[in-house]
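One file, structure_37.txt, is given below (compact mmCIF, C-alpha atoms).
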```txt
# COMPACT_ATOMS: atom_id res chain seq x y z
CA MET N 5 50.55 99.92 125.73
CA LYS N 6 49.84 102.36 122.93
CA LEU N 7 52.56 104.96 122.30
CA VAL N 8 52.45 108.17 120.26
CA ILE N 9 55.81 109.08 118.70
CA LEU N 10 56.58 112.38 116.97
CA TYR N 11 59.66 113.30 114.94
CA GLY N 12 60.88 116.07 112.65
CA ILE N 13 64.24 116.71 110.96
CA GLY N 14 67.68 117.25 112.47
CA GLY N 15 69.85 115.23 114.82
CA LEU N 16 67.57 115.37 117.87
CA SER N 17 64.47 114.70 115.78
CA ASP N 18 66.16 111.69 114.18
CA VAL N 19 65.92 109.95 117.53
CA GLY N 20 62.17 109.78 116.93
CA ARG N 21 62.66 107.45 113.97
CA HIS N 22 64.68 105.14 116.16
CA ALA N 23 62.02 105.39 118.88
CA ILE N 24 59.65 103.60 116.51
CA LEU N 25 62.09 100.69 116.35
CA ALA N 26 62.64 100.81 120.12
CA ALA N 27 58.89 100.74 120.76
CA LEU N 28 58.56 97.71 118.48
CA GLU N 29 61.39 96.05 120.46
CA LYS N 30 59.49 96.70 123.69
CA ASN N 31 56.32 95.20 122.21
CA ALA N 32 54.20 98.32 122.34
CA SER N 33 50.75 97.15 121.31
CA ARG N 34 50.06 100.15 119.08
CA ILE N 35 52.31 102.95 117.81
CA THR N 36 50.93 106.13 116.27
CA VAL N 37 53.62 108.10 114.44
CA ILE N 38 53.02 111.81 113.83
CA THR N 39 55.38 113.70 111.51
CA SER N 40 55.65 116.04 108.54
CA PHE N 41 58.30 113.78 107.05
CA PRO N 42 57.01 110.20 106.65
CA GLU N 43 59.36 109.80 103.67
CA LYS N 44 62.32 109.95 106.05
CA LEU N 45 61.53 106.37 107.02
CA ASN N 46 62.39 105.32 103.46
CA GLU N 47 65.96 106.59 103.73
CA LYS N 48 68.76 104.04 103.91
CA ASN N 49 71.25 104.03 106.75
CA TRP N 50 69.57 106.42 109.18
CA ASP N 51 73.00 106.41 110.80
CA SER N 52 76.28 105.65 109.09
CA TYR N 53 76.74 102.27 110.77
CA GLY N 54 75.39 98.82 109.94
CA ASP N 55 73.08 97.49 107.27
CA ASP N 56 70.37 99.38 105.45
CA LYS N 57 67.31 99.99 107.58
CA THR N 58 63.89 99.06 106.28
CA ASN N 59 60.89 101.32 106.74
CA PRO N 60 59.11 99.63 109.68
CA PHE N 61 55.78 100.35 107.98
CA ASP N 62 56.86 98.04 105.14
CA ASP N 63 57.49 95.10 107.47
CA GLU N 64 54.57 92.67 107.45
CA ALA N 65 55.41 91.68 111.02
CA ASN N 66 54.37 95.19 112.13
CA LYS N 67 51.06 95.20 110.30
CA GLY N 68 48.27 96.38 112.54
CA ARG N 69 50.64 97.88 115.12
CA LEU N 70 51.70 101.04 113.28
CA GLU N 71 49.68 104.09 112.25
CA MET N 72 51.09 107.06 110.30
CA VAL N 73 49.63 110.55 110.73
CA LYS N 74 51.09 113.20 108.41
CA ILE N 75 51.06 116.79 109.66
CA ASP N 76 51.21 119.58 107.07
CA SER N 77 52.09 122.32 109.57
CA TRP N 78 53.09 122.19 113.23
CA LYS N 79 51.21 125.44 113.70
CA ASP N 80 47.94 123.59 113.09
CA VAL N 81 46.00 121.82 115.82
CA ILE N 82 46.89 118.13 116.18
CA PRO N 83 43.57 116.29 116.64
CA SER N 84 43.42 114.76 120.10
CA ARG N 85 41.88 111.58 118.68
CA HIS N 86 45.37 110.47 117.67
CA PHE N 87 46.36 110.48 121.36
CA GLU N 88 43.29 108.77 122.75
CA GLY N 89 44.05 105.52 124.54
CA ALA N 90 47.81 106.17 124.62
CA GLY N 91 49.79 105.31 127.72
CA ALA N 92 52.54 107.79 126.87
CA VAL N 93 54.03 110.09 124.24
CA VAL N 94 57.61 110.26 122.93
CA SER N 95 58.22 113.64 121.32
CA CYS N 96 61.36 114.28 119.26
CA LEU N 97 60.85 117.71 117.71
CA GLY N 98 63.43 120.42 117.08
CA HIS N 99 67.20 120.39 116.64
CA ARG N 100 70.43 122.06 117.80
CA GLN N 101 72.29 122.67 114.54
CA PRO N 102 73.45 126.13 113.38
CA GLY N 103 71.24 127.78 110.78
CA TRP N 104 74.02 129.01 108.51
CA LYS N 105 75.03 125.45 107.75
CA TYR N 106 71.65 123.73 107.51
CA LYS N 107 69.22 126.04 105.71
CA GLU N 108 66.36 123.53 105.59
CA LEU N 109 66.48 123.13 109.34
CA MET N 110 65.81 126.83 109.77
CA SER N 111 62.78 126.80 107.48
CA LYS N 112 61.32 123.40 108.46
CA GLY N 113 63.11 122.21 111.59
CA LEU N 114 62.43 124.84 114.25
CA ILE N 115 59.31 123.07 115.45
CA ALA N 116 60.07 122.21 119.07
CA PHE N 117 57.86 124.91 120.56
CA ASP N 118 55.12 124.94 117.92
CA GLY N 119 54.91 121.15 117.79
CA ASN N 120 55.15 120.47 121.50
CA SER N 121 52.62 123.20 122.30
CA ARG N 122 50.12 121.28 120.14
CA VAL N 123 51.18 118.02 121.77
CA ILE N 124 50.52 119.43 125.24
CA ARG N 125 47.07 120.59 124.20
CA ALA N 126 46.16 117.29 122.51
CA MET N 127 47.39 115.27 125.49
CA GLY N 128 45.23 117.32 127.82
CA GLU N 129 42.17 116.80 125.65
CA ALA N 130 42.86 113.05 125.42
CA ASN N 131 43.67 112.67 129.14
CA VAL N 132 47.19 111.38 128.51
CA GLU N 133 49.66 112.32 131.24
CA ARG N 134 53.10 110.85 130.47
CA VAL N 135 55.42 112.44 127.89
CA VAL N 136 59.14 112.01 127.26
CA THR N 137 60.58 114.79 125.12
CA ILE N 138 64.05 115.48 123.73
CA SER N 139 66.09 118.63 124.22
CA SER N 140 69.79 119.42 124.77
CA PHE N 141 72.46 119.78 127.41
CA GLY N 142 73.91 123.26 127.90
CA LEU N 143 70.46 124.81 127.68
CA ASN N 144 68.05 126.71 129.90
CA GLY N 145 70.47 126.94 132.82
CA ASP N 146 71.02 123.18 133.04
CA ARG N 147 74.32 122.28 134.75
CA GLN N 148 73.99 118.51 135.18
CA TRP N 149 76.84 117.57 132.84
CA LYS N 150 80.19 118.80 134.24
CA HIS N 151 82.08 118.55 130.96
CA PRO N 152 83.92 121.31 129.03
CA ALA N 153 81.65 120.62 126.05
CA ALA N 154 78.69 121.84 128.10
CA ARG N 155 80.19 125.32 128.35
CA VAL N 156 80.91 125.32 124.63
CA MET N 157 77.33 124.31 123.85
CA THR N 158 75.96 127.03 126.12
CA CYS N 159 78.05 129.56 124.20
CA LEU N 160 76.85 128.20 120.85
CA PHE N 161 73.22 128.51 121.94
CA LYS N 162 73.90 132.20 122.53
CA THR N 163 75.58 132.73 119.15
CA PHE N 164 75.52 130.46 116.09
CA MET N 165 72.69 128.28 117.39
CA ARG N 166 70.65 131.02 118.99
CA LYS N 167 67.42 130.29 117.09
CA ALA N 168 67.57 126.57 117.82
CA GLY N 169 68.31 127.26 121.49
CA LYS N 170 65.41 129.66 121.78
CA ASP N 171 63.05 127.15 120.19
CA LEU N 172 64.10 124.33 122.52
CA THR N 173 63.99 126.60 125.58
CA LYS N 174 60.43 127.71 124.84
CA SER N 175 59.43 124.09 124.39
CA GLU N 176 60.91 123.11 127.75
CA ARG N 177 59.14 125.95 129.50
CA ALA N 178 55.83 124.95 127.93
CA TYR N 179 56.15 121.50 129.50
CA GLN N 180 57.25 122.96 132.83
CA ALA N 181 54.17 125.19 132.85
CA SER N 182 51.86 122.26 132.09
CA SER N 183 50.39 119.69 134.49
CA LEU N 184 51.83 116.78 132.49
CA ASP N 185 54.14 114.12 133.87
CA TYR N 186 57.05 115.09 131.64
CA LEU N 187 60.68 114.04 131.33
CA ILE N 188 63.07 116.23 129.32
CA VAL N 189 65.89 114.09 127.92
CA ARG N 190 69.26 115.74 127.27
CA PRO N 191 71.55 113.46 125.22
CA VAL N 192 75.11 114.72 125.51
CA GLY N 193 76.33 113.74 122.06
CA ILE N 194 74.67 111.75 119.31
CA GLY N 195 77.29 110.20 117.06
CA GLU N 196 76.32 109.49 113.48
CA GLU N 197 78.69 106.54 113.23
CA VAL N 198 78.13 105.08 116.69
CA GLU N 199 76.76 101.56 116.69
CA PRO N 200 74.12 100.91 119.36
CA CYS N 201 75.33 98.88 122.33
CA GLY N 202 72.01 98.46 124.10
CA GLU N 203 73.15 100.54 127.06
CA TYR N 204 72.73 104.10 128.30
CA TYR N 205 74.12 105.94 131.30
CA LEU N 206 72.39 108.62 133.35
CA GLN N 207 74.29 111.55 134.78
CA GLU N 208 74.03 111.51 138.57
CA VAL N 209 75.23 114.25 140.92
CA GLY N 210 78.73 113.58 142.19
CA GLU N 211 79.35 110.62 139.91
CA ASP N 212 81.65 110.24 136.89
CA VAL N 213 80.78 112.34 133.86
CA VAL N 214 78.88 110.29 131.29
CA GLY N 215 80.53 109.93 127.89
CA GLY N 216 79.63 111.43 124.54
CA ASN N 217 79.06 109.81 121.16
CA MET N 218 75.88 108.01 122.08
CA ALA N 219 73.97 106.06 119.44
CA LYS N 220 70.60 107.49 118.49
CA MET N 221 69.04 104.07 118.97
CA ASP N 222 70.27 103.87 122.55
CA THR N 223 68.90 107.37 123.22
CA ALA N 224 65.58 106.20 121.77
CA ARG N 225 65.63 103.10 123.97
CA PHE N 226 66.00 105.25 127.07
CA MET N 227 63.12 107.46 125.99
CA VAL N 228 60.84 104.51 125.28
CA ASP N 229 61.82 102.80 128.55
CA GLU N 230 60.88 105.96 130.46
CA ALA N 231 57.65 106.30 128.49
CA MET N 232 56.51 102.76 129.23
CA LYS N 233 57.93 102.35 132.76
CA PRO N 234 58.49 105.83 134.22
CA THR N 235 61.05 106.41 136.95
CA LEU N 236 61.79 110.13 136.46
CA HIS N 237 59.02 112.69 136.82
CA ARG N 238 58.67 116.40 135.96
CA CYS N 239 62.39 116.90 135.54
CA SER N 240 65.21 116.78 133.00
CA LYS N 241 67.93 114.14 132.74
CA VAL N 242 71.27 114.00 130.96
CA VAL N 243 71.90 110.66 129.24
CA GLY N 244 75.08 109.52 127.53
CA SER N 245 77.43 106.65 126.90
CA LYS N 246 79.79 104.91 129.30
CA PRO N 247 81.85 107.36 131.39
CA GLY N 248 85.21 107.98 129.74
CA THR N 249 83.87 107.72 126.19
CA PRO N 250 85.25 110.73 124.22
CA MET N 251 83.05 113.17 122.34
```

Whole structure, structure tokens version:
Amino acid sequence: MKLVILYGIGGLSDVGRHAILAALEKNASRITVITSFPEKLNEKNWDSYGDDKTNPFDDEANKGRLEMVKIDSWKDVIPSRHFEGAGAVVSCLGHRQPGWKYKELMSKGLIAFDGNSRVIRAMGEANVERVVTISSFGLNGDRQWKHPAARVMTCLFKTFMRKAGKDLTKSERAYQASSLDYLIVRPVGIGEEVEPCGEYYLQEVGEDVVGGNMAKMDTARFMVDEAMKPTLHRCSKVVGSKPGTPM
């Protein structure tokens, strides 16, 4: 299966870099990566754990499977030819950090709505139906995660993180208004120093609250799994670590 993966900058967008690795793990036949920041793949230690990561485009074993498409502006049309033949799309655009602390994210990172609006259009033109996109818990009236941190996050989205919350909310509503087979993924806490364990836990009604401090790679694995073998349709889902894991 061919996958299209998009990423930007910021914690949520970082999951997109890991989605490339997850898609390679799952033997996706072709992976088209669309981003404004291809140089981010050259950074060492995408997370604080483990050995240095190598840009997957530099690995000879991946030759012929990866394609890089650089976007200058997410306000421009993304040509639908990049989506043609894809079985699914994994979109990691936007972030949930406060603007006063991360200035670059305010000028270059608020791309969830602009980017995903172009993704929706391109997918329609290319007749691609399945998309898995990242967002946040504590947003847009979502109450799946019965944890005190959810109330805190909801408050932050109304104050210090208002612009990020608005961007992500508009993006979610764009998917909800579309005819696409979407899944909105809400990771409850992405820990920078958390080593992947190869597991993820979905929040189910009436069951134990899933834990925080989830590795970005495990979040990416869930997104790629749902892209390639969908089980959740036109809905949102909270994903986290093993219940009882502290934030």

Figure out the distance between CA of Asp229 in chain N and CA of Ala154 in chain N, please, to one decimal in Å.
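According to the coordinates, CA of Ala154 in chain N and CA of Asp229 in chain N are separated by 25.4 Å.
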
Find the spatial neighbours of range 131-142 of chain N, counting all atoms listed in the file, within a cut-off of 7 Å - ignore same-chain residues fewer than 5 positions away - and output them as a list of chain:residue names.
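Near neighbours after the sequence-gap exclusion: N:Leu16, N:Ala90, N:Gly91, N:Ala92, N:Val93, N:Val94, N:Ser95, N:Cys96, N:Arg147, N:Ala154, N:Arg155, N:Met157, N:Thr158, N:Leu172, N:Leu184, N:Asp185, N:Tyr186, N:Leu187, N:Ile188, N:Val189, N:Arg190, N:Pro191, N:Val192, N:Met227, N:Ala231, N:Val242.
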
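Put simply, CA of Trp50 in chain N is 17.9 Å away from CA of Arg100 in chain N.
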
d(CA of Glu199 in chain N, CA of Glu71 in chain N) in Å:
27.6 Å

Point out the residue among N:Val214, N:Ala181, N:Ala168, N:Ile115 with the least atom-to-atom distance to Tyr11 in chain N, counting only C-alpha atoms.
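Of the candidates, the smallest distance to Tyr11 in chain N is held by N:Ile115.
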
Determine the nearest neighbour of Met110 in chain N from the options N:Met165, N:Leu143, N:Ile9, N:Ala27, counting all atoms listed in the file.
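Among the listed residues, N:Met165 lies closest to Met110 in chain N.
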
Give me, as an MDAnalysis selection string, all polymer residues having an atom no more than 8 Å from Arg21 in chain N, counting all atoms listed in the file and skipping those fewer than 3 positions away in the same chain.
chainID N and resid 11 17:18 24:25 45

Here is a test: counting all atoms listed in the file, which residue of N:Arg177, N:Lys150, N:Arg166, N:Lys44 is nearest to Val209 in chain N?
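Between N:Arg177, N:Lys150, N:Arg166, N:Lys44, the residue approaching Val209 in chain N most closely is N:Lys150.
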
Using all atoms listed in the file, determine which residues lie at most 10 Å from Leu109 in chain N, disregarding the query and same-chain residues fewer than 2 positions distant; provide the list as a ChimeraX atom specification.
/N:12-14,98-107,111-115,168

Store the residues of this selection in a file with C-alpha atoms, as a tab-separated table (two decimals), keeping the file's coordinate frame.
```
chain	number	residue	atom	x	y	z
N	12	GLY	CA	60.88	116.07	112.65
N	13	ILE	CA	64.24	116.71	110.96
N	14	GLY	CA	67.68	117.25	112.47
N	98	GLY	CA	63.43	120.42	117.08
N	99	HIS	CA	67.20	120.39	116.64
N	100	ARG	CA	70.43	122.06	117.80
N	101	GLN	CA	72.29	122.67	114.54
N	102	PRO	CA	73.45	126.13	113.38
N	103	GLY	CA	71.24	127.78	110.78
N	104	TRP	CA	74.02	129.01	108.51
N	105	LYS	CA	75.03	125.45	107.75
N	106	TYR	CA	71.65	123.73	107.51
N	107	LYS	CA	69.22	126.04	105.71
N	111	SER	CA	62.78	126.80	107.48
N	112	LYS	CA	61.32	123.40	108.46
N	113	GLY	CA	63.11	122.21	111.59
N	114	LEU	CA	62.43	124.84	114.25
N	115	ILE	CA	59.31	123.07	115.45
N	168	ALA	CA	67.57	126.57	117.82
```

Taking into account all atoms listed in the file, which residue in the set N:Leu160, N:Ile82, N:Ile124, N:Met218 is nearest to Val243 in chain N?
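Using all atoms listed in the file, the shortest distance to Val243 in chain N belongs to N:Met218.
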